[in-house]
>>> print(open('data_35.cif').read())   # mmCIF, C-alpha atoms
data_entry
loop_
_atom_site.label_atom_id
_atom_site.label_comp_id
_atom_site.auth_asym_id
_atom_site.auth_seq_id
_atom_site.Cartn_x
_atom_site.Cartn_y
_atom_site.Cartn_z
CA MET A 1167 68.38 5.88 -69.85
CA THR A 1168 65.40 4.37 -68.18
CA ALA A 1169 63.50 4.12 -71.47
CA HIS A 1170 66.40 2.35 -73.27
CA ILE A 1171 66.59 -0.37 -70.65
CA ALA A 1172 62.88 -1.01 -70.89
CA ARG A 1173 63.07 -1.47 -74.67
CA HIS A 1174 66.08 -3.81 -74.35
CA SER A 1175 64.20 -6.00 -71.90
CA LYS A 1176 61.21 -5.99 -74.19
CA LEU A 1177 63.35 -7.08 -77.16
CA ALA A 1178 64.96 -9.84 -75.09
CA LEU A 1179 61.56 -11.16 -74.11
CA THR A 1180 60.40 -10.99 -77.71
CA ALA A 1181 63.49 -13.01 -78.84
CA SER A 1182 62.93 -15.71 -76.26
CA PHE A 1183 59.42 -16.19 -77.63
CA GLY A 1184 60.71 -16.62 -81.16
CA LEU A 1185 59.43 -13.34 -82.54
CA LEU A 1186 62.62 -11.68 -83.78
CA ALA A 1187 62.61 -8.23 -85.27
CA GLY A 1188 66.00 -8.69 -86.85
CA VAL A 1189 67.94 -6.96 -84.13
CA ILE A 1190 71.22 -8.52 -83.09
CA LEU A 1191 71.91 -8.29 -79.40
CA PHE A 1192 75.40 -7.96 -77.91
CA PRO A 1193 75.51 -9.23 -74.34
CA GLY A 1194 78.47 -6.98 -73.33
CA ALA A 1195 77.06 -3.73 -74.73
CA ALA A 1196 75.02 -1.64 -72.32
CA TYR A 1197 72.21 -0.36 -74.40
CA ALA A 1198 73.73 1.18 -77.60
CA ALA A 1199 74.20 -0.74 -80.81
CA PRO A 1200 77.48 -0.38 -82.84
CA GLY A 1201 77.59 2.42 -85.49
CA GLU A 1202 75.44 4.81 -83.50
CA THR A 1203 78.20 6.27 -81.33
CA ALA A 1204 81.95 6.61 -81.34
CA SER A 1205 84.44 7.92 -78.82
CA ALA A 1206 88.06 8.92 -78.74
CA PRO A 1207 90.35 10.05 -75.94
CA GLY A 1208 90.69 13.81 -75.53
CA ALA A 1209 93.65 15.72 -74.15
CA ALA A 1210 93.80 17.69 -70.94
CA GLU A 1211 96.66 19.55 -69.36
CA ALA A 1212 97.51 21.82 -66.47
CA SER A 1213 100.73 23.64 -65.77
CA VAL A 1214 101.75 24.14 -62.21
CA ILE A 1215 104.29 26.94 -62.25
CA GLU A 1216 106.64 28.36 -59.68
CA PRO A 1217 105.16 31.22 -57.68
CA LEU A 1218 106.61 34.61 -58.64
CA ARG A 1219 108.87 36.29 -56.11
CA ILE A 1220 110.76 39.60 -56.04
CA VAL A 1221 113.46 40.33 -53.46
CA SER A 1222 115.33 43.59 -52.83
CA ASP A 1223 119.14 43.30 -52.98
CA ASP A 1224 120.45 46.89 -53.02
CA ASP A 1225 119.12 50.41 -52.58
CA LEU A 1226 118.87 53.19 -55.17
CA ARG A 1227 121.83 55.19 -53.86
CA PHE A 1228 122.26 58.79 -55.00
CA GLY A 1229 125.34 59.05 -52.80
CA GLU A 1230 126.93 62.16 -51.31
CA PHE A 1231 126.90 65.62 -52.89
CA THR A 1232 127.40 69.18 -51.71
CA ARG A 1233 124.35 71.35 -51.14
CA PRO A 1234 123.84 73.25 -54.39
CA THR A 1235 123.24 76.99 -54.51
CA ALA A 1236 120.75 76.51 -57.36
CA ALA A 1237 118.27 73.68 -57.95
CA GLY A 1238 119.33 70.74 -60.09
CA THR A 1239 118.98 67.00 -60.63
CA LEU A 1240 121.16 63.93 -60.14
CA ILE A 1241 120.47 61.01 -62.45
CA ILE A 1242 121.53 57.41 -61.78
CA GLY A 1243 121.24 55.13 -64.81
CA VAL A 1244 120.82 51.34 -64.66
CA THR A 1245 124.27 51.00 -66.25
CA GLY A 1246 125.76 53.00 -63.38
CA LEU A 1247 125.93 56.20 -65.44
CA VAL A 1248 125.78 59.29 -63.22
CA ASN A 1249 124.89 62.83 -64.38
CA GLY A 1250 124.22 66.08 -62.58
CA THR A 1251 122.27 68.91 -64.20
CA ALA A 1252 121.86 72.65 -63.54
CA GLY A 1253 122.83 73.45 -59.93
CA MET A 1254 124.00 69.84 -59.45
CA ALA A 1255 126.50 69.85 -62.34
CA SER A 1256 129.54 69.72 -60.05
CA SER A 1257 128.03 69.08 -56.62
CA TYR A 1258 128.07 65.29 -56.99
CA GLN A 1259 131.71 64.99 -58.08
CA ILE A 1260 133.10 64.42 -54.60
CA ALA A 1261 134.54 61.33 -52.96
CA GLN A 1262 131.86 58.80 -51.91
CA ASN A 1263 132.50 57.79 -48.32
CA GLY A 1264 129.20 56.07 -47.54
CA SER A 1265 127.49 53.18 -49.30
CA GLY A 1266 128.55 54.48 -52.70
CA ARG A 1267 126.31 55.36 -55.60
CA GLY A 1268 124.30 53.14 -57.98
CA PRO A 1269 120.94 51.79 -59.15
CA ALA A 1270 118.61 49.71 -56.99
CA SER A 1271 118.89 45.97 -57.52
CA PHE A 1272 116.26 43.25 -57.10
CA HIS A 1273 116.10 39.63 -58.16
CA LEU A 1274 113.02 37.89 -59.57
CA LEU A 1275 112.44 34.16 -59.16
CA GLY A 1276 109.71 32.25 -60.96
CA SER A 1277 108.91 29.90 -63.82
CA PRO A 1278 111.60 29.55 -66.52
CA ASN A 1279 111.22 31.74 -69.62
CA ARG A 1280 107.93 33.20 -68.48
CA LEU A 1281 107.00 36.84 -69.19
CA VAL A 1282 106.54 39.20 -66.25
CA THR A 1283 105.17 42.76 -66.08
CA VAL A 1284 107.00 45.15 -63.76
CA THR A 1285 105.13 48.10 -62.21
CA LEU A 1286 106.86 51.08 -60.57
CA PRO A 1287 105.57 54.39 -59.22
CA ASN A 1288 105.95 57.56 -61.31
CA ARG A 1289 107.50 59.36 -58.37
CA PHE A 1290 108.15 59.13 -54.66
CA ASN A 1291 109.90 61.22 -52.00
CA ILE A 1292 112.96 60.70 -49.87
CA SER A 1293 112.98 62.71 -46.66
CA ARG A 1294 114.90 63.89 -43.66
CA GLY A 1295 112.45 65.05 -41.03
CA ALA A 1296 110.10 67.47 -42.73
CA ARG A 1297 112.45 68.13 -45.68
CA ARG A 1298 111.92 66.15 -48.88
CA MET A 1299 113.42 65.57 -52.30
CA ARG A 1300 111.41 64.03 -55.12
CA VAL A 1301 112.66 61.00 -57.07
CA ASP A 1302 111.09 60.52 -60.51
CA ASN A 1303 111.81 59.26 -64.04
CA LEU A 1304 112.48 55.72 -62.79
CA THR A 1305 114.17 53.48 -65.37
CA ILE A 1306 114.72 49.71 -65.54
CA ASN A 1307 117.13 47.45 -67.43
CA SER A 1308 114.52 46.49 -70.02
CA ALA A 1309 113.20 48.08 -73.22
CA SER A 1310 109.64 47.89 -71.84
CA GLN A 1311 107.75 47.06 -68.63
CA SER A 1312 107.70 43.44 -69.88
CA ILE A 1313 110.64 41.22 -68.93
CA ARG A 1314 111.34 37.54 -69.54
CA LEU A 1315 112.71 35.31 -66.78
CA ASP A 1316 115.70 33.28 -67.94
CA GLY A 1317 115.95 29.51 -68.35
CA THR A 1318 116.29 29.06 -64.59
CA GLY A 1319 113.41 31.42 -63.83
CA TYR A 1320 115.73 34.21 -62.69
CA PHE A 1321 116.04 37.91 -63.62
CA GLN A 1322 118.12 40.67 -62.04
CA LEU A 1323 116.12 43.89 -62.13
CA LEU A 1324 117.98 47.21 -61.92
CA ILE A 1325 116.16 50.49 -61.21
CA GLY A 1326 117.63 53.96 -61.79
CA GLY A 1327 116.05 57.35 -61.23
CA ARG A 1328 116.34 61.13 -61.09
CA LEU A 1329 116.73 63.00 -57.81
CA ASN A 1330 115.45 66.59 -57.71
CA VAL A 1331 117.57 68.72 -55.36
CA GLY A 1332 116.49 72.18 -54.23
CA ALA A 1333 118.71 75.21 -53.86
CA ASN A 1334 120.20 75.22 -50.36
CA GLN A 1335 118.66 71.78 -49.62
CA GLN A 1336 118.97 70.97 -45.93
CA LEU A 1337 122.10 68.99 -45.02
CA GLY A 1338 121.93 65.37 -43.92
CA VAL A 1339 120.91 61.85 -44.90
CA TYR A 1340 117.61 61.43 -46.77
CA SER A 1341 115.76 58.14 -47.20
CA GLY A 1342 112.50 56.87 -48.65
CA THR A 1343 110.78 53.74 -50.01
CA PHE A 1344 108.91 52.74 -53.15
CA ASP A 1345 106.92 49.65 -54.17
CA VAL A 1346 107.91 47.35 -57.03
CA THR A 1347 105.22 44.93 -58.24
CA VAL A 1348 105.67 42.00 -60.62
CA VAL A 1349 102.91 39.92 -62.26
CA TYR A 1350 103.02 36.94 -64.63
CA GLN A 1351 101.61 38.03 -67.97
CA MET B 989 63.09 23.19 -53.49
CA LYS B 990 64.37 26.66 -53.18
CA LYS B 991 68.09 26.80 -53.30
CA ILE B 992 69.92 29.52 -51.40
CA ALA B 993 73.00 30.87 -53.07
CA PHE B 994 75.78 32.23 -50.93
CA ALA B 995 77.84 35.00 -52.41
CA THR B 996 81.32 35.59 -51.06
CA ALA B 997 82.74 39.08 -51.32
CA LEU B 998 86.50 39.13 -51.87
CA VAL B 999 88.16 42.05 -50.13
CA ALA B 1000 90.94 43.64 -52.18
CA LEU B 1001 94.08 43.66 -50.05
CA SER B 1002 97.05 45.92 -50.54
CA SER B 1003 99.36 43.05 -49.64
CA THR B 1004 99.63 39.95 -51.78
CA PRO B 1005 97.06 37.30 -50.75
CA ALA B 1006 98.68 34.01 -49.79
CA PHE B 1007 97.06 32.22 -52.72
CA ALA B 1008 97.89 34.81 -55.45
CA ALA B 1009 101.32 33.38 -56.31
CA ASN B 1010 101.34 34.89 -59.81
CA THR B 1011 102.22 38.33 -58.40
CA ASP B 1012 104.54 39.77 -55.76
CA THR B 1013 105.42 43.22 -54.40
CA THR B 1014 108.41 44.37 -52.43
CA GLN B 1015 109.72 47.70 -51.17
CA GLY B 1016 112.86 49.34 -52.50
CA THR B 1017 114.75 52.07 -50.66
CA ALA B 1018 116.41 55.21 -52.05
CA THR B 1019 118.98 57.29 -50.18
CA ALA B 1020 120.96 60.50 -50.64
CA THR B 1021 123.29 62.55 -48.45
CA VAL B 1022 123.54 66.35 -48.73
CA VAL B 1023 126.89 67.57 -47.35
CA ALA B 1024 128.10 71.04 -46.41
CA PRO B 1025 129.81 72.92 -49.22
CA ILE B 1026 133.47 73.80 -48.72
CA THR B 1027 134.30 77.43 -47.89
CA ILE B 1028 137.59 79.31 -47.65
CA THR B 1029 138.20 82.54 -45.74
CA HIS B 1030 141.31 84.68 -45.75
CA VAL B 1031 142.45 85.28 -42.16
CA SER B 1032 142.04 88.97 -41.46
CA GLY B 1033 145.31 90.86 -40.97
CA LYS B 1034 147.45 88.11 -42.53
CA ALA B 1035 149.42 88.51 -45.77
CA LEU B 1036 152.19 86.82 -47.76
CA ASP B 1037 154.81 89.31 -46.71
CA PHE B 1038 158.15 89.27 -48.56
CA GLY B 1039 159.49 91.63 -45.96
CA ALA B 1040 161.81 94.57 -46.27
CA PHE B 1041 164.91 94.24 -48.48
CA THR B 1042 167.36 96.13 -50.66
CA VAL B 1043 167.20 95.19 -54.33
CA ASN B 1044 170.88 95.78 -55.33
CA SER B 1045 171.21 94.10 -58.72
CA GLY B 1046 168.24 91.81 -58.24
CA GLY B 1047 167.53 88.27 -57.14
CA THR B 1048 164.72 86.57 -55.22
CA VAL B 1049 163.05 86.64 -51.83
CA SER B 1050 161.42 83.42 -50.61
CA VAL B 1051 158.99 82.89 -47.74
CA ASN B 1052 158.68 79.43 -46.20
CA SER B 1053 155.04 78.30 -46.41
CA GLY B 1054 155.07 76.68 -42.99
CA SER B 1055 157.27 78.84 -40.77
CA GLY B 1056 157.07 82.11 -42.72
CA ALA B 1057 160.87 82.40 -42.48
CA GLY B 1058 162.55 84.36 -45.26
CA SER B 1059 165.53 83.59 -47.47
CA VAL B 1060 167.13 85.34 -50.40
CA GLY B 1061 168.78 84.57 -53.69
CA GLY B 1062 171.05 86.72 -55.82
CA SER B 1063 172.11 90.06 -54.49
CA VAL B 1064 168.97 90.91 -52.53
CA VAL B 1065 169.60 91.64 -48.86
CA LEU B 1066 166.72 90.85 -46.53
CA VAL B 1067 165.84 92.12 -43.10
CA SER B 1068 165.10 88.52 -42.08
CA THR B 1069 162.58 89.07 -39.29
CA SER B 1070 160.17 90.91 -41.58
CA THR B 1071 158.74 88.04 -43.65
CA ALA B 1072 155.47 86.14 -43.00
CA ALA B 1073 153.29 83.50 -44.62
CA ASP B 1074 149.66 84.16 -45.47
CA ALA B 1075 146.87 82.21 -43.72
CA PHE B 1076 143.43 80.81 -44.66
CA SER B 1077 140.69 78.96 -42.78
CA VAL B 1078 138.44 76.33 -44.34
CA THR B 1079 135.04 74.92 -43.33
CA GLY B 1080 133.04 72.03 -44.74
CA ASP B 1081 131.92 68.44 -44.26
CA ALA B 1082 133.55 66.82 -41.23
CA SER B 1083 136.56 64.59 -41.97
CA ARG B 1084 136.30 65.11 -45.72
CA SER B 1085 139.57 65.65 -47.63
CA PHE B 1086 140.22 68.48 -50.06
CA ALA B 1087 142.88 69.76 -52.42
CA ILE B 1088 144.53 73.19 -52.17
CA SER B 1089 145.86 75.27 -55.05
CA THR B 1090 147.19 78.81 -55.16
CA THR B 1091 147.96 81.12 -58.05
CA GLY B 1092 150.88 83.45 -58.54
CA GLY B 1093 150.50 87.21 -58.53
CA SER B 1094 152.37 90.49 -58.45
CA VAL B 1095 152.92 93.38 -56.09
CA SER B 1096 152.88 96.90 -57.50
CA LEU B 1097 153.70 100.46 -56.62
CA GLY B 1098 152.57 102.84 -59.31
CA ALA B 1099 153.75 101.48 -62.63
CA THR B 1100 156.35 99.16 -61.10
CA SER B 1101 155.55 95.53 -60.41
CA MET B 1102 157.33 92.50 -59.05
CA ALA B 1103 155.99 89.03 -59.85
CA PHE B 1104 155.77 86.22 -57.34
CA THR B 1105 154.84 82.54 -57.24
CA THR B 1106 153.09 80.88 -54.27
CA ASN B 1107 153.05 77.49 -52.60
CA PRO B 1108 150.60 76.35 -49.88
CA SER B 1109 151.70 74.52 -46.75
CA ALA B 1110 149.93 71.38 -48.04
CA ALA B 1111 148.53 70.18 -51.37
CA SER B 1112 145.79 68.26 -49.60
CA LEU B 1113 144.22 68.30 -46.15
CA SER B 1114 141.29 66.77 -44.28
CA LEU B 1115 138.69 68.75 -42.38
CA SER B 1116 138.51 68.00 -38.67
CA ALA B 1117 135.63 66.26 -36.93
CA ALA B 1118 134.27 69.76 -36.40
CA GLY B 1119 134.48 70.47 -40.14
CA THR B 1120 137.35 72.98 -39.96
CA ALA B 1121 140.90 73.21 -41.35
CA SER B 1122 143.57 75.82 -42.01
CA PHE B 1123 146.71 76.28 -44.08
CA THR B 1124 149.38 78.87 -44.77
CA VAL B 1125 150.95 80.16 -47.98
CA GLY B 1126 154.56 81.00 -48.80
CA GLY B 1127 156.13 82.02 -52.07
CA THR B 1128 159.04 83.44 -54.07
CA LEU B 1129 159.31 87.04 -55.26
CA THR B 1130 161.43 87.97 -58.28
CA VAL B 1131 163.40 91.20 -57.86
CA LEU B 1132 164.92 92.87 -60.93
CA GLY B 1133 167.09 95.34 -59.07
CA THR B 1134 165.57 98.41 -60.69
CA GLU B 1135 162.65 98.78 -58.31
CA GLY B 1136 162.39 102.01 -56.32
CA ALA B 1137 161.83 102.14 -52.58
CA GLY B 1138 158.27 101.98 -51.25
CA THR B 1139 155.51 99.60 -50.19
CA TYR B 1140 154.35 97.29 -52.97
CA THR B 1141 150.97 95.51 -52.65
CA GLY B 1142 149.12 92.91 -54.65
CA THR B 1143 146.87 89.90 -54.58
CA TYR B 1144 146.60 86.24 -55.62
CA ASN B 1145 143.97 83.45 -55.32
CA ALA B 1146 143.71 80.38 -53.11
CA THR B 1147 141.24 77.62 -54.04
CA VAL B 1148 140.06 74.56 -52.11
CA THR B 1149 138.21 71.65 -53.74
CA TYR B 1150 136.71 68.51 -52.23
CA ASN B 1151 138.50 65.46 -53.53
#
>>> encode(input="data_35.cif", output="structure tokens")
Amino acid sequence: MTAHIARHSKLALTASFGLLAGVILFPGAAYAAPGETASAPGAAEASVIEPLRIVSDDDLRFGEFTRPTAAGTLIIGVTGLVNGTAGMASSYQIAQNGSGRGPASFHLLGSPNRLVTVTLPNRFNISRGARRMRVDNLTINSASQSIRLDGTGYFQLLIGGRLNVGANQQLGVYSGTFDVTVVYQ
Amino acid sequence: MKKIAFATALVALSSTPAFAANTDTTQGTATATVVAPITITHVSGKALDFGAFTVNSGGTVSVNSGSGAGSVGGSVVLVSTSTAADAFSVTGDASRSFAISTTGGSVSLGATSMAFTTNPSAASLSLSAAGTASFTVGGTLTVLGTEGAGTYTGTYNATVTYN
């Protein structure tokens, strides 16, 4: 830049002394003559989106069932479907006097129509004192781990699972927790 | 001039950093309740006793499920103080309700049998706060009038099922 200014001043001095080199000077232009450069506006953008939130609304409730004499499983589907296998085939078909039976429910809040990846554990335990039962085969109300928030940025996530009950499982109320993580894709 | 670069190490946190608003984690809870299975026990020494009677030309003998009192139909003559209802005890989950059903049966002596039907003192009951309950069973015996004298014995089944 420094060199250009020096040349301009030199040309101006030359012109004032009558020795013109044929260069036309434009008083408003800085130091570049027309035709040598061009410019156009570019485009820039940034999207500020709603932060992603997940909130728990209801527990994964396997409900009440009689202690089986042989091991079995109790499956809760996201549609509310209930099935007992092996030793649990009839144990679960008793009146539900507690909080009932059904899938866990969460709601997601974020940016409209944006894709979100849901991550769940493969298994976790529910326990009563030292006694445990494993919960595995978790399912969600989506064909894959990828879900799309609706036009208001909302999605109700349902989670089902399979409870593994041992023969002569100890009586009482069992409870346990599991993490659910969501990430914008 | 020597420039000193400062490197900042970011510690990975298990909880969501305040600035990482593109992800979130929450805890869900799962619960289950294992309850005591229902059991039924026949009270020792008890029986559905149709009592002592003369068959004449036949008829029926009935035992009231609650009181155990006897009554007859047809030409049967009953020694009325000799009838009794059967009795069962039940255990299971406190305050839970259950249904009761009983089958019919027959009493036999040698090759001779008399058929009977049964009815429990209740079709449905609730276990107490201690997880216990009990009920009695009456019934009706069909007498043909050809049966010989003697003591006839038999069996039937009582079933309890959580509702």
>>> interface_residues(input="data_35.cif", of="chain A", to="chain B", cutoff="7 Å", atoms="only C-alpha atoms", output="number ranges by chain")
A: 1217-1222, 1225-1233, 1260-1261, 1292, 1337-1350
>>> residues_around(input="data_35.cif", residues="segment 1045-1057 of chain B", least_positions_apart="6", cutoff="7 Å", atoms="only C-alpha atoms", output="list in words")
Phe1038, Ser1063, Val1064, Thr1071, Ala1072, Ala1073, Asn1107, Pro1108, Ser1109, Thr1124, Val1125, Gly1126, Gly1127, Thr1128, Leu1129, Thr1130, Val1131, Leu1132 and Gly1133 of chain B
>>> atom_distance(input="data_35.cif", atom1="atom CA of Thr1285 of chain A", atom2="atom CA of Gly1266 of chain A")
26.1 Å
>>> resolve_selection(input="data_35.cif", expression="the PyMOL selection byres ((chain B and resi 1111) around 7)", output="PyMOL selection string")
chain B and resi 1087-1089+1108+1110+1112
>>> atom_distance(input="data_35.cif", atom1="atom CA of Val1148 of chain B", atom2="atom CA of Gly1264 of chain A")
21.9 Å
>>> residues_around(input="data_35.cif", residues="Thr1305 of chain A", least_positions_apart="4", cutoff="8 Å", atoms="only C-alpha atoms", output="number ranges by chain")
A: 1243-1244, 1325-1327
>>> build_atoms(input="data_35.cif", residues="segment 1205-1215 of chain A", atoms="all heavy atoms", output="CSV table (one decimal), keeping the file's coordinate frame")
chain,number,residue,atom,x,y,z
A,1205,SER,N,83.7,7.1,-79.8
A,1205,SER,CA,84.4,7.9,-78.8
A,1205,SER,C,85.9,7.9,-79.1
A,1205,SER,O,86.4,6.9,-79.7
A,1205,SER,CB,84.1,7.5,-77.4
A,1205,SER,OG,84.4,6.1,-77.2
A,1206,ALA,N,86.6,8.8,-78.6
A,1206,ALA,CA,88.1,8.9,-78.7
A,1206,ALA,C,88.6,9.6,-77.5
A,1206,ALA,O,87.9,10.5,-76.9
A,1206,ALA,CB,88.5,9.7,-80.0
A,1207,PRO,N,89.8,9.4,-77.1
A,1207,PRO,CA,90.4,10.0,-75.9
A,1207,PRO,C,90.7,11.5,-76.3
A,1207,PRO,O,91.1,11.8,-77.4
A,1207,PRO,CB,91.6,9.3,-75.6
A,1207,PRO,CG,92.0,8.6,-76.9
A,1207,PRO,CD,90.7,8.4,-77.7
A,1208,GLY,N,90.3,12.4,-75.4
A,1208,GLY,CA,90.7,13.8,-75.5
A,1208,GLY,C,92.0,14.1,-74.8
A,1208,GLY,O,92.6,13.1,-74.3
A,1209,ALA,N,92.4,15.3,-74.8
A,1209,ALA,CA,93.6,15.7,-74.2
A,1209,ALA,C,93.4,16.8,-73.1
A,1209,ALA,O,92.5,17.7,-73.3
A,1209,ALA,CB,94.7,16.2,-75.2
A,1210,ALA,N,94.0,16.7,-72.0
A,1210,ALA,CA,93.8,17.7,-70.9
A,1210,ALA,C,95.2,18.0,-70.4
A,1210,ALA,O,96.0,17.1,-70.3
A,1210,ALA,CB,92.9,17.2,-69.8
A,1211,GLU,N,95.4,19.2,-70.0
A,1211,GLU,CA,96.7,19.6,-69.4
A,1211,GLU,C,96.5,20.7,-68.4
A,1211,GLU,O,95.6,21.5,-68.4
A,1211,GLU,CB,97.7,19.9,-70.4
A,1211,GLU,CG,97.4,21.2,-71.1
A,1211,GLU,CD,98.5,21.6,-72.1
A,1211,GLU,OE1,98.6,20.9,-73.1
A,1211,GLU,OE2,99.3,22.5,-71.8
A,1212,ALA,N,97.5,20.7,-67.4
A,1212,ALA,CA,97.5,21.8,-66.5
A,1212,ALA,C,99.0,22.1,-66.2
A,1212,ALA,O,99.8,21.2,-66.1
A,1212,ALA,CB,96.8,21.4,-65.2
A,1213,SER,N,99.3,23.3,-66.1
A,1213,SER,CA,100.7,23.6,-65.8
A,1213,SER,C,100.8,24.3,-64.4
A,1213,SER,O,100.3,25.3,-64.1
A,1213,SER,CB,101.3,24.6,-66.8
A,1213,SER,OG,101.4,24.1,-68.0
A,1214,VAL,N,101.5,23.6,-63.5
A,1214,VAL,CA,101.8,24.1,-62.2
A,1214,VAL,C,103.1,24.9,-62.3
A,1214,VAL,O,104.1,24.3,-62.7
A,1214,VAL,CB,101.8,23.0,-61.1
A,1214,VAL,CG1,102.2,23.7,-59.8
A,1214,VAL,CG2,100.5,22.3,-61.0
A,1215,ILE,N,103.1,26.2,-62.1
A,1215,ILE,CA,104.3,26.9,-62.2
A,1215,ILE,C,104.8,27.5,-60.9
A,1215,ILE,O,104.0,27.6,-59.9
A,1215,ILE,CB,104.1,28.1,-63.3
A,1215,ILE,CG1,103.0,29.1,-62.7
A,1215,ILE,CG2,103.7,27.6,-64.6
A,1215,ILE,CD1,102.9,30.3,-63.6
